[in-house]
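Read through the structure below, which is laid out as structure tokens, and then see the notes.
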Amino acid sequence: MSWSQIYLNYDQDALAVYANVGVVRRAIKDIQANKVKLIEHNQSYLLFYVDNQKVKLTPQGIQAANCSCPASDHCKHIIAAVFWLHENAIIENVEVKSISDTLNQSFESSRQHCDPLAELLAIDSSQLFKIVGKANIRLAYQLLFDWLQNDVVTVQTQDVQLRILVPQSATPIIYTAGTGFAGIISELPDKQKQAVHLAVVAYLFQQNQKNWLWPEQIISQHQQKNKQDQLTDDESNLIRQIQSQINTLITHGLSHVSASQANQLQLLNMSARAQGLAKLAAMLRQLCQLVEMQAKRHFAIEERDIILLLARITVHLQKLLNSEGQQLTNLRGNQKRQYQAEQKVLDLLPLGAYWWQNKTGAQGATFYFWQPQYKQYYQTTLARSNEADNNFNRYSIWHTVSLWQSMPNMLMKRRFSLNNLLIAENNNLSNNGPSVELKSTGWNEQDYEDFRASSGFRNWKELSSYLQNSDTSDNLFEQVIAIHITNSHKPVLDEIKQSLTWCIKDNQNNQLFLRLFWDGIHTQRLDMLNFILKTAHQPLTVLVKCIKNDSNLDLEPFALIYKESKTNQINISNLDFDYEELYSKEKAYKAFDTSTESSLKRQITQITYQQDPIATFILKPTMTLLEAITSSGRLILSSADKQKITQLQYQCDTLGLNTLSHTLNKLTQNQPIKIKHILQTAYLCHFMNETHYQLPIVITENEE
């Protein structure tokens, strides 16, 4: 039997999970238009010509397929080639030697083709563990523990497919016979895939009474972590003290806070740290810094910032009081990131460096890397909690600070190997301990093509779906997202938003707007991006971070992978750090110098800014009202305030926001207003604002 039979096992549902319904629909149109031709087939691969593109299918299944088109690896051409095989059987029987890789096992007999469960149960767990890494093993063990506790997994067998429903995915995880562990497909984010897929295989072993040996270290760590946890009397007393301090802050008025109140918060922060409440301590430290800045009448601080943080702390305190066991352990948090030593060598390619600062004064640089073998992101951070260290700045980090016994300005230009790893969850690497071996070269053409094919986005519909389904409360803003460039416009200044806006289009002519905001002082990123895009270099991929601006979710560039015009060398421009290397000392380039600023301001981008009715007419007015009430500490509503609340309630009821309407009604029921009702309203506004946002993406309606 020919190995091409593997592809007959992918039905339309599986292909929709692998790509999406729209891609499948366009692939069917290509089949109907007779745009697919088989031009070569042998023991190693099938080669197709699909709508002017070459597609190669191999015995390792659809995950290993590749296409010459610049679109995503989940493109319509690969799907169309699979559909062609559905309609046109390969008559010739080709004997194929088994590729006995644990992650990529091929068919050896027709019997194996028909039993996907038996194939997965034949996987060697020890070999699988070597591939996925300790962080994924720990997460998989925790997932399996939760699934078995709550009985939430459903397994369905459909001919040559297994479909597994788990809480982490809205669509089934699909295993198709003959494709091995690497052939499991799902719509999970890349960071979660290996861990969840590993947990699925372990679950199948468990349910079929097969022996699955977890590493002893993973078991002991899990048992230690899941010991029954309860609040002590001291911790409960500390929570009551914090609640009392919150009430005092609001009663005295947030416009009248003093340095002594900041000192009291600092003492509470120290107590929380001493009692192992790391998450609470971090929030109290932030509150202390905000109150201290407010006491000094710092221009960057508003009472609204303090109200929202007080509301978040209050919710966290209630969670602590009403939790126990593993849930309480998670709420406590870790005092320090827990690093584990791994005895392996990690081969890394630099992606980009990101300089960050926050309102409380913390600042630092996060360095991102790509591991081509495991196809995963890694990162490490150098930071300070405040600006007291005058020697810690962008220049010193890049040119003088040691990272793994090497300078970052050298490390972020070349491939290197990392030995004696210390690694934490989410592939965070310790900036101390490991030793580095620099290679003589950086990225090459093949490295980049593999990276482009296995990570990032080049289809804005897929990007839009990913952003909408991501958790904006935390994880999304910590991720780095790779945007692959097919076609882009020159960046222009958006006069309304005072930002440099760069429009990038995908193959379907959908538009993505990347923005760098201008505060009139710090223009380095804008200068760098504008400069390099004016050269003859070819931009290939831009790395972005998600930032929240009012009701908009913006993507902010911080690094650019480009191909040099003369040498075709693939290089990286770090917008925060490569300032001196690209600009000559004789004539420094400025995107916003005094001679061009006025003309740039007159260039208005063709962006339609839609007014968000919920944010504009409900959330912002509500927060303005709460800010006015808490600023003075006078918790008595005036007749004008009551009228505003009545109007806000009417608008909430009109839009179906019943919970917020009910919460607003509580403000009018008691005079003076109960502080808990103020904080409930503020938190609800915060929660709605975090989950309600507009994307910088314009999708065209027409499809191919």
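Going through the structure tokens in order, the chains are called A, B, and so on, while each chain numbers its residues from 1 and the ligands are numbered from 1 in the order shown.
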Using only C-alpha atoms, which residues sit within 8 Å of A:Leu421 once same-chain residues fewer than 3 positions away are excluded, as a ChimeraX atom specification? /A:340-346,418,429-430,433-434
Print the selection's residues with C-alpha atoms to a file, as a PDB file, in the first residue's frame.
ATOM      1  CA  GLN A 340      15.272  24.054  36.838  1.00  0.00           C
ATOM      2  CA  ALA A 341      18.684  22.847  35.664  1.00  0.00           C
ATOM      3  CA  GLU A 342      18.638  20.949  32.371  1.00  0.00           C
ATOM      4  CA  GLN A 343      21.643  19.022  31.132  1.00  0.00           C
ATOM      5  CA  LYS A 344      21.384  19.780  27.445  1.00  0.00           C
ATOM      6  CA  VAL A 345      22.773  22.216  24.905  1.00  0.00           C
ATOM      7  CA  LEU A 346      20.363  24.745  23.436  1.00  0.00           C
ATOM      8  CA  LEU A 418      23.799  27.716  25.561  1.00  0.00           C
ATOM      9  CA  LEU A 429      15.967  31.387  30.782  1.00  0.00           C
ATOM     10  CA  SER A 430      17.970  32.561  33.779  1.00  0.00           C
ATOM     11  CA  GLY A 433      24.621  30.484  35.261  1.00  0.00           C
ATOM     12  CA  PRO A 434      24.611  29.280  31.646  1.00  0.00           C
TER      13      PRO A 434
END
As an NGL selection string, list the residues of stretch 354-411 of chain A assigned to alpha helix (DSSP H) by DSSP on the backbone atoms of this structure. :A and (394-399 or 408-411)
Please save C-alpha atoms of the selected residues as an mmCIF file, in the first residue's frame.
data_model
loop_
_atom_site.group_PDB
_atom_site.id
_atom_site.type_symbol
_atom_site.label_atom_id
_atom_site.label_comp_id
_atom_site.auth_asym_id
_atom_site.auth_seq_id
_atom_site.Cartn_x
_atom_site.Cartn_y
_atom_site.Cartn_z
ATOM 1 C CA ARG A 394 19.643 51.224 27.171
ATOM 2 C CA TYR A 395 23.250 52.016 26.316
ATOM 3 C CA SER A 396 24.796 50.172 29.273
ATOM 4 C CA ILE A 397 22.627 47.077 28.755
ATOM 5 C CA TRP A 398 23.608 46.844 25.102
ATOM 6 C CA HIS A 399 27.319 47.635 25.395
ATOM 7 C CA PRO A 408 24.114 41.642 24.241
ATOM 8 C CA ASN A 409 25.200 43.653 21.176
ATOM 9 C CA MET A 410 27.242 40.601 20.080
ATOM 10 C CA LEU A 411 24.784 37.969 21.309
#
With a distance cut-off of 7 Å and only C-alpha atoms, select the neighbouring residues of A:Phe517, excluding the residue or stretch itself and same-chain residues fewer than 6 positions from it, and output the selection as JSON, numbers by chain. {"A": [498, 499, 500]}
Determine, counting only C-alpha atoms, which protein, DNA and RNA residues have an atom within 12 Å of an atom of A:Gln142; residues of the same chain fewer than 6 positions away are not included. Present the result as an mmCIF file with N, CA and C atoms, in the first residue's frame.
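Once everything was written out, this is part36.cif:
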data_model
loop_
_atom_site.group_PDB
_atom_site.id
_atom_site.type_symbol
_atom_site.label_atom_id
_atom_site.label_comp_id
_atom_site.auth_asym_id
_atom_site.auth_seq_id
_atom_site.Cartn_x
_atom_site.Cartn_y
_atom_site.Cartn_z
ATOM 1 N N ALA A 135 9.543 21.764 30.891
ATOM 2 C CA ALA A 135 8.439 22.698 31.131
ATOM 3 C C ALA A 135 7.133 22.135 30.587
ATOM 4 N N ASN A 136 7.166 21.556 29.397
ATOM 5 C CA ASN A 136 5.963 20.956 28.819
ATOM 6 C C ASN A 136 5.545 19.692 29.563
ATOM 7 N N LEU A 148 -8.283 14.084 35.110
ATOM 8 C CA LEU A 148 -8.716 12.874 35.812
ATOM 9 C C LEU A 148 -9.553 13.210 37.043
ATOM 10 N N GLN A 149 -9.252 14.342 37.676
ATOM 11 C CA GLN A 149 -10.015 14.765 38.848
ATOM 12 C C GLN A 149 -11.443 15.154 38.481
ATOM 13 N N ALA A 195 2.461 20.535 25.199
ATOM 14 C CA ALA A 195 2.063 20.100 26.538
ATOM 15 C C ALA A 195 0.686 19.443 26.516
ATOM 16 N N VAL A 196 -0.273 20.062 25.842
ATOM 17 C CA VAL A 196 -1.634 19.503 25.795
ATOM 18 C C VAL A 196 -1.647 18.198 25.012
ATOM 19 N N LEU A 198 0.812 16.121 24.663
ATOM 20 C CA LEU A 198 1.455 15.117 25.519
ATOM 21 C C LEU A 198 0.485 14.620 26.578
ATOM 22 N N ALA A 199 -0.268 15.545 27.176
ATOM 23 C CA ALA A 199 -1.258 15.156 28.194
ATOM 24 C C ALA A 199 -2.335 14.257 27.596
ATOM 25 N N VAL A 200 -2.717 14.514 26.340
ATOM 26 C CA VAL A 200 -3.722 13.687 25.657
ATOM 27 C C VAL A 200 -3.214 12.256 25.491
ATOM 28 N N ALA A 202 -0.870 10.765 27.263
ATOM 29 C CA ALA A 202 -0.791 10.155 28.596
ATOM 30 C C ALA A 202 -2.185 9.750 29.096
ATOM 31 N N TYR A 203 -3.191 10.568 28.784
ATOM 32 C CA TYR A 203 -4.570 10.251 29.178
ATOM 33 C C TYR A 203 -5.031 8.962 28.505
ATOM 34 N N TRP A 214 6.052 8.634 34.201
ATOM 35 C CA TRP A 214 6.452 10.039 34.317
ATOM 36 C C TRP A 214 7.803 10.124 35.043
ATOM 37 N N ILE A 218 9.230 15.090 38.273
ATOM 38 C CA ILE A 218 7.965 15.752 37.950
ATOM 39 C C ILE A 218 6.892 15.345 38.959
ATOM 40 N N ILE A 219 6.855 14.074 39.311
ATOM 41 C CA ILE A 219 5.853 13.580 40.264
ATOM 42 C C ILE A 219 6.052 14.215 41.636
ATOM 43 N N GLN A 221 7.606 17.026 42.433
ATOM 44 C CA GLN A 221 7.299 18.459 42.382
ATOM 45 C C GLN A 221 5.796 18.689 42.420
ATOM 46 N N HIS A 222 5.058 17.874 41.688
ATOM 47 C CA HIS A 222 3.598 18.020 41.661
ATOM 48 C C HIS A 222 2.990 17.719 43.025
ATOM 49 N N GLN A 223 3.462 16.669 43.673
ATOM 50 C CA GLN A 223 2.932 16.318 44.993
ATOM 51 C C GLN A 223 3.200 17.417 46.012
ATOM 52 N N LYS A 225 3.614 20.565 45.327
ATOM 53 C CA LYS A 225 2.833 21.738 44.934
ATOM 54 C C LYS A 225 1.364 21.598 45.308
ATOM 55 N N ASN A 226 0.858 20.347 45.303
ATOM 56 C CA ASN A 226 -0.572 20.127 45.510
ATOM 57 C C ASN A 226 -0.928 19.724 46.937
ATOM 58 N N GLN A 326 -4.961 23.747 45.811
ATOM 59 C CA GLN A 326 -4.189 24.177 44.649
ATOM 60 C C GLN A 326 -4.573 25.578 44.191
#
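Taking atom CA of A:Ile250 and atom CA of A:Ile673 as the two end points, the separation is 11.2 Å.
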Can you list, as a PyMOL selection string, all residues belonging to stretch 403-442 of chain A that DSSP tags as strand (DSSP E)? chain A and resi 416-419+421-424+428-429+435-438
Could you list, as a list in words, every residue within 8 Å of A:Leu308, counting only C-alpha atoms and ignoring same-chain residues fewer than 6 positions away? Leu679, Ala682, Tyr683 and His686 of chain A
Output the selection as a PDB file, in the first residue's frame - C-alpha atoms for each residue.
ATOM      1  CA  LEU A 679     -14.707  49.069  44.131  1.00  0.00           C
ATOM      2  CA  ALA A 682     -14.552  50.041  39.254  1.00  0.00           C
ATOM      3  CA  TYR A 683     -13.511  46.402  38.865  1.00  0.00           C
ATOM      4  CA  HIS A 686     -11.826  47.384  34.395  1.00  0.00           C
TER       5      HIS A 686
END
Could you name the residues that touch stretch 512-516 of chain A at 8 Å or less, counting only C-alpha atoms, but leaving out those on the same chain fewer than 3 positions away, as a ChimeraX atom specification? /A:460,499-505,525-526,554-557,696-698
Report the closest atom pair, with its distance in Å rounded to one decimal, for each residue of stretch 414-483 of chain A that has an atom no farther than 8 Å from stretch 540-545 of chain A; count only C-alpha atoms, sort by chain and then rising residue number, and write it as JSON lines.
{"residue": "A:Phe477", "atom": "CA", "partner": "A:Lys545", "partner_atom": "CA", "distance": 6.6}
{"residue": "A:Glu478", "atom": "CA", "partner": "A:Lys545", "partner_atom": "CA", "distance": 7.6}
{"residue": "A:Gln479", "atom": "CA", "partner": "A:Lys545", "partner_atom": "CA", "distance": 6.7}
{"residue": "A:Val480", "atom": "CA", "partner": "A:Lys545", "partner_atom": "CA", "distance": 5.5}
{"residue": "A:Ile481", "atom": "CA", "partner": "A:Val544", "partner_atom": "CA", "distance": 5.4}
{"residue": "A:Ala482", "atom": "CA", "partner": "A:Leu543", "partner_atom": "CA", "distance": 4.7}
{"residue": "A:Ile483", "atom": "CA", "partner": "A:Val542", "partner_atom": "CA", "distance": 5.2}
How would the residues just chosen look if you wrote them out with C-alpha atoms as a CSV table (one decimal), in the first residue's frame?
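Contents of the output file selection03.csv:
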chain,number,residue,atom,x,y,z
A,477,PHE,CA,0.8,41.2,26.7
A,478,GLU,CA,3.8,39.0,27.6
A,479,GLN,CA,4.1,37.3,24.2
A,480,VAL,CA,6.2,38.2,21.2
A,481,ILE,CA,4.3,37.9,17.9
A,482,ALA,CA,6.0,37.5,14.5
A,483,ILE,CA,4.3,39.3,11.6
In Å and to one decimal, atom CA of A:Leu533 is distant from atom CA of A:Gln357 by 25.9 Å
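With only C-alpha atoms as the basis for measurement, A:Gln286 is the residue among A:Asn150, A:Gln286, A:Gln43, A:Gln373 that approaches A:Gly361 most closely.
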Find the residues around A:Ala272 up to 9 Å (only C-alpha atoms counted), leave out those fewer than 2 positions away in its own chain, and share them as JSON, numbers by chain. {"A": [235, 238, 239, 267, 268, 269, 270, 274, 275, 276, 277, 278, 279, 280, 281, 282, 284]}
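With distances restricted to only C-alpha atoms, A:Leu57 is the closest residue to A:Asn42 from A:Thr663, A:Leu8, A:Ile78, A:Leu57.
Nearest residue to A:Gly352, choosing from A:Ile242, A:Val315, A:Leu328, A:Ile572 and counting only C-alpha atoms: A:Ile572.
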